[in-house]
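One structure is given here, and the rest of the page talks about it.
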Amino acid sequence: MPVPRRFDRRPPERDATRINERIRVPEVRLIDDEGNQIGVLKTADALAFAQERDLDLVEVAPEAHPPVCRVLDYSKYKYEQAQKLKQARKHQQQITIREIKFRPKIAQHDYDTKKHHVERFLRQKDKVKVTIMFRGREVTHPERGTAILDRLAEELAELGVVEQHPMQEGRNMTMMMAPSKAVPQAPAIKPAAQNGGAASEQPPAASEQPPAASEQPPAASEPVSVDGSGPAASTAVP
């Protein structure tokens, strides 16, 4: 039986900015819609001043004595503030923390693979949390985990800096690496650029030598290029 959803008794979020009749102080310091200082007026007079211009009286500095109010179009003001906040978020750099786990008895091949992942993350401007996992009696030899982390930091010193030195917490030892500012962000690698680069540079290689294919009809006797480069197989034909 599904659990019934509880009724949310919290009131909805309300704009904390006080405008027009919500301004309850007896007098305010008024600034008109052109930015000119009008002076200290009674709140009723300031509200009438704004209504004559079909604008809103907005409290911009409630902590002042008396509070500072400005005459403006509040809907337009809120829209402009939202657009500024949106643009500011676009220029913010979001940092992602990745985690790679090692074992103190890791083999060389596995170490190279995980090291390649750490290198890729650092080139993408991501932080990397490197964790050494100890099991059983391995926890009595923390120097093995420290040696792996120090070796990794030394080999990747050109790409990243150690932000948090190796620290053991229970059965795990962690180290935080941050990308170096001198390393540019690596572009996304397309699969076609790796394997099909040579073939795409010379597309007419198969059609440049049609007589060679017709002189030797049995294709099984011709050398075959494994990596799909093309020109190496065609030049080997006498």
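Chains: A, B, ... in order of the structure tokens. Residues: from 1 per chain. Ligands: from 1, in order shown.
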
Strand (DSSP E or B) positions in range 41-122 of chain A, given as a ChimeraX atom specification:
/A:41-42,56-61,68-72,97-102

With N, CA and C atoms retained, write the just-selected residues as a JSON list (two decimals), in the first residue's frame.
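So part37.json came out as:
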[["chain", "number", "residue", "atom", "x", "y", "z"],
["A", 41, "LEU", "N", 10.89, 62.10, 2.67],
["A", 41, "LEU", "CA", 9.47, 62.39, 2.54],
["A", 41, "LEU", "C", 8.68, 61.42, 3.40],
["A", 42, "LYS", "N", 7.44, 61.79, 3.68],
["A", 42, "LYS", "CA", 6.54, 60.84, 4.31],
["A", 42, "LYS", "C", 6.23, 59.71, 3.32],
["A", 56, "ASP", "N", 6.47, 52.05, -9.36],
["A", 56, "ASP", "CA", 6.37, 51.47, -8.03],
["A", 56, "ASP", "C", 7.37, 52.13, -7.09],
["A", 57, "LEU", "N", 7.00, 52.16, -5.82],
["A", 57, "LEU", "CA", 7.90, 52.62, -4.77],
["A", 57, "LEU", "C", 8.54, 51.38, -4.15],
["A", 58, "VAL", "N", 9.84, 51.22, -4.35],
["A", 58, "VAL", "CA", 10.55, 50.00, -3.95],
["A", 58, "VAL", "C", 11.57, 50.35, -2.88],
["A", 59, "GLU", "N", 11.57, 49.59, -1.79],
["A", 59, "GLU", "CA", 12.53, 49.77, -0.71],
["A", 59, "GLU", "C", 13.82, 49.05, -1.08],
["A", 60, "VAL", "N", 14.88, 49.83, -1.31],
["A", 60, "VAL", "CA", 16.15, 49.25, -1.77],
["A", 60, "VAL", "C", 17.17, 49.14, -0.65],
["A", 61, "ALA", "N", 17.03, 49.90, 0.42],
["A", 61, "ALA", "CA", 17.97, 49.83, 1.54],
["A", 61, "ALA", "C", 17.18, 49.89, 2.84],
["A", 68, "VAL", "N", 15.82, 53.73, 2.40],
["A", 68, "VAL", "CA", 15.93, 54.33, 1.08],
["A", 68, "VAL", "C", 14.97, 53.63, 0.14],
["A", 69, "CYS", "N", 14.16, 54.40, -0.54],
["A", 69, "CYS", "CA", 13.21, 53.87, -1.51],
["A", 69, "CYS", "C", 13.47, 54.51, -2.87],
["A", 70, "ARG", "N", 13.18, 53.73, -3.91],
["A", 70, "ARG", "CA", 13.43, 54.21, -5.25],
["A", 70, "ARG", "C", 12.16, 54.04, -6.09],
["A", 71, "VAL", "N", 11.96, 54.95, -7.01],
["A", 71, "VAL", "CA", 10.81, 54.89, -7.91],
["A", 71, "VAL", "C", 11.24, 54.18, -9.19],
["A", 72, "LEU", "N", 10.61, 53.06, -9.50],
["A", 72, "LEU", "CA", 10.97, 52.30, -10.70],
["A", 72, "LEU", "C", 9.86, 51.32, -11.04],
["A", 97, "ILE", "N", 34.04, 16.60, -9.01],
["A", 97, "ILE", "CA", 35.01, 15.77, -8.29],
["A", 97, "ILE", "C", 34.81, 14.32, -8.74],
["A", 98, "ARG", "N", 35.85, 13.76, -9.32],
["A", 98, "ARG", "CA", 35.84, 12.35, -9.72],
["A", 98, "ARG", "C", 36.60, 11.53, -8.68],
["A", 99, "GLU", "N", 36.32, 10.22, -8.65],
["A", 99, "GLU", "CA", 37.00, 9.35, -7.69],
["A", 99, "GLU", "C", 37.52, 8.11, -8.41],
["A", 100, "ILE", "N", 38.78, 7.80, -8.16],
["A", 100, "ILE", "CA", 39.43, 6.61, -8.69],
["A", 100, "ILE", "C", 39.96, 5.80, -7.51],
["A", 101, "LYS", "N", 39.66, 4.51, -7.50],
["A", 101, "LYS", "CA", 40.04, 3.65, -6.38],
["A", 101, "LYS", "C", 41.18, 2.72, -6.79],
["A", 102, "PHE", "N", 42.19, 2.62, -5.94],
["A", 102, "PHE", "CA", 43.34, 1.75, -6.13],
["A", 102, "PHE", "C", 43.36, 0.71, -5.00]]

Can you tell me which residues surround range 103-113 of chain A at a distance of at most 8 Å, considering only C-alpha atoms, apart from same-chain residues fewer than 4 positions away, and format the answer as a VMD selection string?
chain A and resid 117 132 to 134 138 144 to 145 148

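CA of Leu85 in chain A is positioned 28.8 Å from CA of His65 in chain A.
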
What is the distance, in Å and to one decimal place, between CA of Phe121 in chain A and CA of Gln94 in chain A?
13.8 Å

Have a look at A:Tyr79, A:Arg135, A:Thr43, A:Glu154 and name the one nearest to Asn172 in chain A; count only C-alpha atoms.
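So, comparing all the options, the nearest one is A:Arg135.
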
Between CA of Leu152 in chain A and CA of Arg137 in chain A, what is the distance in Å, rounded to a tenth?
23.5 Å

Looking at A:Asn20, A:Met176, A:Pro66, A:Ala153, which one is nearest to Gly39 in chain A, with distances taken over only C-alpha atoms?
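Distance minimum relative to Gly39 in chain A lands on A:Pro66.
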
Considering only C-alpha atoms, tabulate each residue of range 52-128 of chain A that lies at most 10 Å from range 155-164 of chain A along with its nearest interatomic pair and the corresponding distance in Å to one decimal; arrange the rows by chain and ascending residue number and present them as a Markdown table.
| residue | atom | partner | partner_atom | distance |
| --- | --- | --- | --- | --- |
| A:Lys115 | CA | A:Leu156 | CA | 8.6 |
| A:His116 | CA | A:Leu156 | CA | 9.9 |
| A:Val118 | CA | A:Leu156 | CA | 8.7 |
| A:Glu119 | CA | A:Leu156 | CA | 7.1 |
| A:Arg120 | CA | A:Leu159 | CA | 9.6 |
| A:Phe121 | CA | A:Leu159 | CA | 9.8 |
| A:Leu122 | CA | A:Leu159 | CA | 6.4 |
| A:Arg123 | CA | A:Leu159 | CA | 7.0 |
| A:Lys125 | CA | A:Gly160 | CA | 9.3 |
| A:Asp126 | CA | A:Gly160 | CA | 9.9 |
| A:Lys127 | CA | A:Gly160 | CA | 8.8 |
| A:Val128 | CA | A:Gly160 | CA | 9.3 |

Please report, as a count of residues only, each residue of range 13-202 of chain A to which DSSP assigns alpha helix (DSSP H) when run on this structure's backbone.
68
